[in-house]
There are 2 protein chains.
Amino acid sequence: MSDLKALVRSIPDYPKPGIIFRDVTTLFATPAGMRGIVEAMCAPFADETFDCIAGIDARGFILGGAMAVRMGTGFVPIRKKGKLPANVYREEYSLEYGTDEVEIHVDALPVGSRVLLVDDLLATGGTALASIKLIERAGGTVPAAAFAIDLPDLGGSRALRAKGVEVYTVMDFEGD
Amino acid sequence: MSDLKALVRSIPDYPKPGIIFRDVTTLFATPAGMRGIVEAMCAPFADETFDCIAGIDARGFILGGAMAVRMGTGFVPIRKKGKLPANVYREEYSLEYGTDEVEIHVDALPVGSRVLLVDDLLATGGTALASIKLIERAGGTVPAAAFAIDLPDLGGSRALRAKGVEVYTVMDFEGD
């Protein structure tokens with residue numbers, strides 16, 4: 001995976017001083033990077049079946065749509081507040097300062113759907129945990145989640161595993 | 001394509017009275033719908049090569065990421081203002097009331113890249129035309145654009161073709 005990791009751009013002091021932002025746009029921009037990251041994120045699930053992929057707004061859509069077609073599942077968006085046109089469930093999660101909210105359509109999933117949660121990056125896991133609550137409220141279960149990048153020092157993978165979710169990540173950046 | 005069209009949900013009076021919103025989340029939610037729409041949007045380009053797909057924030061990401069993997073290209077995001085971490089070009093476009101802005105990374109594309117522009121829906125074409133300007137400023141060309149849905153009464157496909165862009169759409173909703 002080191003060839004994929006080398007395609008991620010690190011931007012110091014973004015979005016604020018002291019933070020290193022891991023920018024996947026440079027990974028997605030090359031054919032080998034785009035195909036490679038999608039294949040690497042699908043690979044752990046070769047022997048599992050899911051009814052759908054849930055992708056988190058917005059970079060999770062780029063990966064999740066591609067994974068859904070590759071794995072032969074449907075795709076369900078988890079969106080920022082106010083973006084979905086029909087009735088929604090909403091969950092709040094904490095940011096460093098304040099809170100934000102994510103939503104899912106109430107009727108997004110057939111009851112009992114096995115859902116694979118997908119995003120580009122796992123940090124504290126706040127958005128992912130809120131997304132899992134939404135999927136469960138909509139009648140689904142989340143046996144597993146896949147991320148291109150893990151920032152292990154921030155504890156998100158530990159928090160998700162504590163909820164019984166299998167967590168797969170393609171590459172780590174430590175010290176974040 | 002009528003089976004795909006039947007999977008699109010029409011929501012009356014959203015986002016405001018008199019507008020019928022064409023909701024693709026119900027199309028994407030089923031395996032046959034997700035795979036079918038991506039295959040239908042790739043099919044016209046079987047004999048053409050592109051260096052990358054540019055997807056428009058955010059539903060264009062779901063389709064564009066999947067199309068990039070299927071067609072063996074890179075993927076470049078066109079984002080709403082303030083979402084990209086590195087240096088950007090920005091273009092304003094008109095909404096019914098006021099304006100909005102989209103951005104692309106200055107270094108998103110190798111110079112001379114042939115880019116296929118992708119979004120879920122073509123209405124007036126304002127966002128698509130602004131996106132084409134961004135891609136051209138970043139050094140690319142846009143010979144073609146693909147959309148799941150066309151609202152032909154709103155004139156977007158005519159406006160794009162007037163700029164020399166080949167336009168492919170999978171389904172129409174007239175009377176919007």
# chains A, B, ... in the order shown; residues from 1 in each chain; ligands from 1
$ residues_around --residues "Ser10 (chain A)" --least-positions-apart "3" --cutoff "8 Å" --atoms "only C-alpha atoms" --output "number ranges by chain"
A: 20-23
$ write_last_selection --atoms "N, CA, C and O atoms" --output "compact mmCIF listing (two decimals), in the first residue's frame"
# COMPACT_ATOMS: atom_id res chain seq x y z
N ILE A 20 -1.95 18.65 10.33
CA ILE A 20 -1.52 18.23 8.98
C ILE A 20 -2.73 17.57 8.31
O ILE A 20 -3.22 16.54 8.77
N PHE A 21 -3.20 18.18 7.23
CA PHE A 21 -4.37 17.65 6.52
C PHE A 21 -3.91 16.60 5.51
O PHE A 21 -2.99 16.86 4.73
N ARG A 22 -4.55 15.43 5.52
CA ARG A 22 -4.21 14.37 4.57
C ARG A 22 -5.18 14.45 3.40
O ARG A 22 -6.36 14.14 3.53
N ASP A 23 -4.67 14.89 2.26
CA ASP A 23 -5.48 15.25 1.09
C ASP A 23 -5.52 14.09 0.10
O ASP A 23 -4.52 13.79 -0.55
$ residues_around --residues "region 63-80 of chain B" --least-positions-apart "3" --cutoff "8 Å" --atoms "only C-alpha atoms" --output "ChimeraX atom specification"
/A:25,28-35,38,61-63,65-67,69 /B:38,41-42,50-60,83-84,101-104,108-109,118-120,131
$ calpha_fit_and_write --fixed "chain A" --moving "chain B" --output "tab-separated table (two decimals) with C-alpha atoms, in the first residue's frame"
chain	number	residue	atom	x	y	z
B	1	MET	CA	-0.02	0.00	0.01
B	2	SER	CA	3.02	2.28	0.26
B	3	ASP	CA	2.53	3.32	-3.38
B	4	LEU	CA	-0.99	4.49	-2.51
B	5	LYS	CA	0.21	6.26	0.62
B	6	ALA	CA	2.80	8.16	-1.42
B	7	LEU	CA	-0.04	9.62	-3.53
B	8	VAL	CA	-1.72	11.25	-0.50
B	9	ARG	CA	-0.70	14.92	-0.17
B	10	SER	CA	0.04	16.26	3.30
B	11	ILE	CA	-0.88	19.93	3.80
B	12	PRO	CA	0.63	21.47	6.95
B	13	ASP	CA	-1.38	23.91	9.07
B	14	TYR	CA	-4.72	23.16	7.40
B	15	PRO	CA	-7.46	23.81	8.38
B	16	LYS	CA	-5.55	25.52	11.20
B	17	PRO	CA	-2.02	25.80	12.64
B	18	GLY	CA	-0.56	22.55	13.93
B	19	ILE	CA	-2.85	20.24	11.95
B	20	ILE	CA	-1.54	18.23	8.99
B	21	PHE	CA	-4.37	17.67	6.51
B	22	ARG	CA	-4.21	14.37	4.56
B	23	ASP	CA	-5.48	15.26	1.09
B	24	VAL	CA	-6.83	12.32	-0.93
B	25	THR	CA	-7.55	14.38	-4.07
B	26	THR	CA	-4.02	13.64	-5.31
B	27	LEU	CA	-4.61	9.91	-4.72
B	28	PHE	CA	-7.91	9.94	-6.62
B	29	ALA	CA	-6.50	12.03	-9.50
B	30	THR	CA	-4.41	9.22	-10.97
B	31	PRO	CA	-5.99	6.14	-12.59
B	32	ALA	CA	-3.74	3.79	-10.56
B	33	GLY	CA	-4.50	5.60	-7.32
B	34	MET	CA	-8.26	5.69	-7.84
B	35	ARG	CA	-8.54	2.06	-8.89
B	36	GLY	CA	-5.97	0.94	-6.31
B	37	ILE	CA	-7.65	2.52	-3.30
B	38	VAL	CA	-11.08	1.16	-4.29
B	39	GLU	CA	-9.67	-2.34	-4.81
B	40	ALA	CA	-7.80	-2.20	-1.50
B	41	MET	CA	-10.94	-1.13	0.36
B	42	CYS	CA	-13.06	-3.88	-1.23
B	43	ALA	CA	-10.48	-6.66	-0.79
B	44	PRO	CA	-11.16	-7.48	2.91
B	45	PHE	CA	-14.82	-8.18	2.07
B	46	ALA	CA	-14.36	-10.71	-0.74
B	47	ASP	CA	-16.10	-13.39	1.35
B	48	GLU	CA	-18.78	-11.17	2.91
B	49	THR	CA	-22.04	-9.93	1.44
B	50	PHE	CA	-23.63	-6.57	2.12
B	51	ASP	CA	-26.95	-5.16	0.95
B	52	CYS	CA	-25.51	-1.70	0.56
B	53	ILE	CA	-22.64	0.67	1.05
B	54	ALA	CA	-23.32	3.82	3.09
B	55	GLY	CA	-20.95	6.62	2.13
B	56	ILE	CA	-20.36	9.70	4.26
B	57	ASP	CA	-20.76	13.19	2.67
B	58	ALA	CA	-18.76	14.05	0.60
B	59	ARG	CA	-15.42	12.24	0.02
B	60	GLY	CA	-17.02	8.99	1.18
B	61	PHE	CA	-19.30	9.30	-1.86
B	62	ILE	CA	-16.34	9.08	-4.27
B	63	LEU	CA	-15.15	5.80	-2.72
B	64	GLY	CA	-18.53	4.41	-1.73
B	65	GLY	CA	-20.17	4.73	-5.15
B	66	ALA	CA	-17.25	2.94	-6.77
B	67	MET	CA	-17.24	0.21	-4.11
B	68	ALA	CA	-21.00	-0.34	-4.48
B	69	VAL	CA	-20.68	-0.99	-8.22
B	70	ARG	CA	-17.67	-3.22	-7.70
B	71	MET	CA	-19.32	-5.24	-4.91
B	72	GLY	CA	-22.77	-5.36	-6.54
B	73	THR	CA	-24.60	-3.52	-3.76
B	74	GLY	CA	-26.79	-0.43	-3.52
B	75	PHE	CA	-25.45	2.90	-2.26
B	76	VAL	CA	-26.98	5.05	0.49
B	77	PRO	CA	-25.73	8.57	1.29
B	78	ILE	CA	-25.20	9.85	4.84
B	79	ARG	CA	-25.51	13.62	4.35
B	80	LYS	CA	-24.80	16.85	6.14
B	81	LYS	CA	-27.89	18.53	7.58
B	82	GLY	CA	-30.48	19.84	5.14
B	83	LYS	CA	-29.31	18.12	1.96
B	84	LEU	CA	-31.74	15.18	1.69
B	85	PRO	CA	-35.16	15.86	0.12
B	86	ALA	CA	-37.41	13.36	1.97
B	87	ASN	CA	-38.02	12.57	5.66
B	88	VAL	CA	-34.82	12.03	7.63
B	89	TYR	CA	-33.35	10.82	10.89
B	90	ARG	CA	-30.73	13.19	12.29
B	91	GLU	CA	-27.81	12.60	14.68
B	92	GLU	CA	-25.56	15.19	16.28
B	93	TYR	CA	-21.85	14.61	16.86
B	94	SER	CA	-19.11	16.60	18.54
B	95	LEU	CA	-16.44	18.60	16.79
B	96	GLU	CA	-13.48	20.14	18.53
B	97	TYR	CA	-15.57	23.28	18.99
B	98	GLY	CA	-19.32	22.79	18.86
B	99	THR	CA	-21.33	20.12	17.07
B	100	ASP	CA	-22.47	19.11	13.61
B	101	GLU	CA	-25.28	16.90	12.34
B	102	VAL	CA	-25.69	14.14	9.77
B	103	GLU	CA	-28.88	12.73	8.27
B	104	ILE	CA	-30.22	9.61	6.52
B	105	HIS	CA	-33.52	9.10	4.71
B	106	VAL	CA	-36.00	7.34	7.04
B	107	ASP	CA	-36.75	4.87	4.22
B	108	ALA	CA	-33.17	4.56	2.94
B	109	LEU	CA	-32.83	0.83	3.74
B	110	PRO	CA	-34.93	-2.32	3.73
B	111	VAL	CA	-35.22	-3.46	7.37
B	112	GLY	CA	-32.43	-5.88	8.28
B	113	SER	CA	-30.00	-4.58	5.64
B	114	ARG	CA	-26.33	-5.36	6.22
B	115	VAL	CA	-24.48	-2.11	5.58
B	116	LEU	CA	-20.78	-1.44	4.96
B	117	LEU	CA	-19.91	2.09	6.13
B	118	VAL	CA	-17.33	3.93	3.99
B	119	ASP	CA	-15.39	7.18	4.32
B	120	ASP	CA	-12.00	8.51	3.24
B	121	LEU	CA	-10.55	9.11	6.71
B	122	LEU	CA	-11.07	7.88	10.28
B	123	ALA	CA	-10.02	10.33	13.01
B	124	THR	CA	-11.95	10.40	16.31
B	125	GLY	CA	-14.79	8.38	14.77
B	126	GLY	CA	-17.45	10.93	15.73
B	127	THR	CA	-19.03	11.12	12.28
B	128	ALA	CA	-18.77	7.35	11.80
B	129	LEU	CA	-20.48	6.61	15.14
B	130	ALA	CA	-23.28	9.08	14.36
B	131	SER	CA	-23.64	7.44	10.94
B	132	ILE	CA	-23.93	3.98	12.52
B	133	LYS	CA	-26.70	5.27	14.81
B	134	LEU	CA	-28.53	6.63	11.75
B	135	ILE	CA	-28.23	3.33	9.87
B	136	GLU	CA	-29.51	1.42	12.90
B	137	ARG	CA	-32.45	3.82	13.32
B	138	ALA	CA	-33.28	3.26	9.62
B	139	GLY	CA	-33.41	-0.52	10.28
B	140	GLY	CA	-29.94	-1.62	9.19
B	141	THR	CA	-26.91	-3.14	10.88
B	142	VAL	CA	-23.27	-2.14	10.39
B	143	PRO	CA	-21.03	-5.19	10.77
B	144	ALA	CA	-18.06	-3.43	9.17
B	145	ALA	CA	-16.58	-0.10	8.13
B	146	ALA	CA	-13.79	0.75	5.67
B	147	PHE	CA	-11.62	3.86	5.43
B	148	ALA	CA	-8.76	4.79	3.13
B	149	ILE	CA	-6.82	6.48	5.95
B	150	ASP	CA	-6.62	5.88	9.71
B	151	LEU	CA	-5.24	8.42	12.16
B	152	PRO	CA	-4.76	5.84	14.93
B	153	ASP	CA	-3.66	8.34	17.57
B	154	LEU	CA	-7.15	9.87	17.51
B	155	GLY	CA	-8.80	6.62	18.60
B	156	GLY	CA	-11.58	6.24	16.02
B	157	SER	CA	-10.81	2.64	15.12
B	158	ARG	CA	-10.77	1.69	18.82
B	159	ALA	CA	-14.12	3.42	19.37
B	160	LEU	CA	-15.76	1.65	16.43
B	161	ARG	CA	-14.38	-1.76	17.42
B	162	ALA	CA	-15.76	-1.21	20.94
B	163	LYS	CA	-19.20	-1.06	19.27
B	164	GLY	CA	-18.59	-4.44	17.61
B	165	VAL	CA	-17.81	-3.02	14.16
B	166	GLU	CA	-15.02	-4.63	12.12
B	167	VAL	CA	-12.74	-1.79	10.97
B	168	TYR	CA	-10.53	-1.94	7.86
B	169	THR	CA	-8.17	0.84	6.89
B	170	VAL	CA	-5.69	0.90	4.03
B	171	MET	CA	-3.03	3.22	5.43
B	172	ASP	CA	-2.09	4.93	8.70
B	173	PHE	CA	-0.66	8.35	9.42
B	174	GLU	CA	0.67	8.40	12.97
B	175	GLY	CA	1.46	11.44	15.05
B	176	ASP	CA	-1.67	13.37	14.02
$ select_by_dssp --residues "chain B" --states "strand (DSSP E)" --output "PyMOL selection string"
chain B and resi 9-12+20-23+52-56+74-80+88-94+99-105+114-122+141-150+166-172
$ select_by_dssp --residues "region 7-156 of chain A" --states "alpha helix (DSSP H)" --output "number ranges by chain"
A: 25-28, 31-42, 59-71, 126-137, 156
$ write_last_selection --atoms "N, CA and C atoms" --output "tab-separated table (two decimals), in the first residue's frame"
chain	number	residue	atom	x	y	z
A	25	THR	N	-7.26	14.02	-2.66
A	25	THR	CA	-7.56	14.38	-4.06
A	25	THR	C	-6.41	13.98	-4.98
A	26	THR	N	-5.17	14.03	-4.48
A	26	THR	CA	-4.03	13.64	-5.32
A	26	THR	C	-3.97	12.12	-5.52
A	27	LEU	N	-4.49	11.38	-4.56
A	27	LEU	CA	-4.61	9.91	-4.72
A	27	LEU	C	-5.67	9.57	-5.76
A	28	PHE	N	-6.81	10.23	-5.68
A	28	PHE	CA	-7.91	9.94	-6.61
A	28	PHE	C	-7.60	10.42	-8.04
A	31	PRO	N	-5.23	7.38	-12.36
A	31	PRO	CA	-5.97	6.13	-12.59
A	31	PRO	C	-5.53	5.02	-11.63
A	32	ALA	N	-4.22	4.87	-11.42
A	32	ALA	CA	-3.73	3.79	-10.55
A	32	ALA	C	-4.13	4.03	-9.10
A	33	GLY	N	-4.12	5.29	-8.69
A	33	GLY	CA	-4.50	5.60	-7.31
A	33	GLY	C	-5.97	5.37	-7.07
A	34	MET	N	-6.80	5.82	-8.01
A	34	MET	CA	-8.25	5.68	-7.84
A	34	MET	C	-8.66	4.21	-7.84
A	35	ARG	N	-8.18	3.49	-8.84
A	35	ARG	CA	-8.54	2.06	-8.89
A	35	ARG	C	-7.93	1.31	-7.70
A	36	GLY	N	-6.68	1.66	-7.37
A	36	GLY	CA	-5.97	0.95	-6.31
A	36	GLY	C	-6.62	1.11	-4.96
A	37	ILE	N	-7.07	2.32	-4.62
A	37	ILE	CA	-7.65	2.51	-3.30
A	37	ILE	C	-9.01	1.81	-3.21
A	38	VAL	N	-9.78	1.84	-4.30
A	38	VAL	CA	-11.08	1.16	-4.29
A	38	VAL	C	-10.89	-0.36	-4.18
A	39	GLU	N	-9.94	-0.90	-4.91
A	39	GLU	CA	-9.67	-2.35	-4.81
A	39	GLU	C	-9.20	-2.72	-3.41
A	40	ALA	N	-8.34	-1.89	-2.83
A	40	ALA	CA	-7.81	-2.20	-1.49
A	40	ALA	C	-8.90	-2.13	-0.44
A	41	MET	N	-9.87	-1.24	-0.62
A	41	MET	CA	-10.95	-1.12	0.36
A	41	MET	C	-12.01	-2.21	0.20
A	42	CYS	N	-12.12	-2.77	-1.02
A	42	CYS	CA	-13.07	-3.88	-1.24
A	42	CYS	C	-12.47	-5.23	-0.83
A	59	ARG	N	-16.48	13.07	0.67
A	59	ARG	CA	-15.43	12.24	0.05
A	59	ARG	C	-15.76	10.76	0.12
A	60	GLY	N	-16.58	10.38	1.11
A	60	GLY	CA	-17.03	8.99	1.19
A	60	GLY	C	-17.91	8.59	0.01
A	61	PHE	N	-18.47	9.58	-0.67
A	61	PHE	CA	-19.29	9.29	-1.85
A	61	PHE	C	-18.43	8.81	-3.02
A	62	ILE	N	-17.23	9.40	-3.15
A	62	ILE	CA	-16.34	9.07	-4.26
A	62	ILE	C	-15.93	7.60	-4.16
A	63	LEU	N	-15.55	7.18	-2.95
A	63	LEU	CA	-15.14	5.80	-2.71
A	63	LEU	C	-16.34	4.86	-2.66
A	64	GLY	N	-17.39	5.28	-1.96
A	64	GLY	CA	-18.53	4.40	-1.72
A	64	GLY	C	-19.30	4.06	-2.98
A	65	GLY	N	-19.47	5.01	-3.89
A	65	GLY	CA	-20.16	4.74	-5.15
A	65	GLY	C	-19.40	3.70	-5.96
A	66	ALA	N	-18.08	3.88	-6.02
A	66	ALA	CA	-17.25	2.94	-6.77
A	66	ALA	C	-17.26	1.55	-6.13
A	67	MET	N	-17.23	1.50	-4.81
A	67	MET	CA	-17.23	0.21	-4.11
A	67	MET	C	-18.58	-0.50	-4.29
A	68	ALA	N	-19.67	0.27	-4.29
A	68	ALA	CA	-21.00	-0.33	-4.47
A	68	ALA	C	-21.10	-1.03	-5.83
A	69	VAL	N	-20.62	-0.36	-6.89
A	69	VAL	CA	-20.68	-0.98	-8.21
A	69	VAL	C	-19.78	-2.21	-8.26
A	70	ARG	N	-18.60	-2.09	-7.69
A	70	ARG	CA	-17.65	-3.21	-7.71
A	70	ARG	C	-18.17	-4.41	-6.92
A	71	MET	N	-18.83	-4.15	-5.79
A	71	MET	CA	-19.30	-5.23	-4.92
A	71	MET	C	-20.73	-5.66	-5.22
A	126	GLY	N	-16.18	10.28	15.39
A	126	GLY	CA	-17.46	10.91	15.74
A	126	GLY	C	-18.49	10.84	14.63
A	127	THR	N	-18.09	11.17	13.42
A	127	THR	CA	-19.02	11.11	12.29
A	127	THR	C	-19.43	9.67	11.99
A	128	ALA	N	-18.48	8.76	12.09
A	128	ALA	CA	-18.78	7.34	11.81
A	128	ALA	C	-19.76	6.79	12.84
A	129	LEU	N	-19.57	7.10	14.11
A	129	LEU	CA	-20.48	6.60	15.15
A	129	LEU	C	-21.88	7.19	14.97
A	130	ALA	N	-21.97	8.46	14.63
A	130	ALA	CA	-23.28	9.07	14.37
A	130	ALA	C	-23.93	8.41	13.15
A	131	SER	N	-23.13	8.08	12.14
A	131	SER	CA	-23.64	7.43	10.94
A	131	SER	C	-24.17	6.03	11.26
A	132	ILE	N	-23.48	5.32	12.12
A	132	ILE	CA	-23.94	3.98	12.52
A	132	ILE	C	-25.28	4.08	13.25
A	133	LYS	N	-25.41	5.07	14.14
A	133	LYS	CA	-26.71	5.26	14.81
A	133	LYS	C	-27.82	5.52	13.80
A	134	LEU	N	-27.53	6.34	12.78
A	134	LEU	CA	-28.53	6.62	11.75
A	134	LEU	C	-28.94	5.35	11.00
A	135	ILE	N	-27.96	4.56	10.63
A	135	ILE	CA	-28.24	3.33	9.88
A	135	ILE	C	-29.07	2.38	10.72
A	136	GLU	N	-28.75	2.30	12.01
A	136	GLU	CA	-29.51	1.42	12.91
A	136	GLU	C	-30.94	1.95	13.09
A	137	ARG	N	-31.10	3.27	13.20
A	137	ARG	CA	-32.45	3.84	13.32
A	137	ARG	C	-33.27	3.55	12.06
A	156	GLY	N	-10.33	6.59	16.68
A	156	GLY	CA	-11.58	6.23	16.03
A	156	GLY	C	-11.75	4.74	15.80
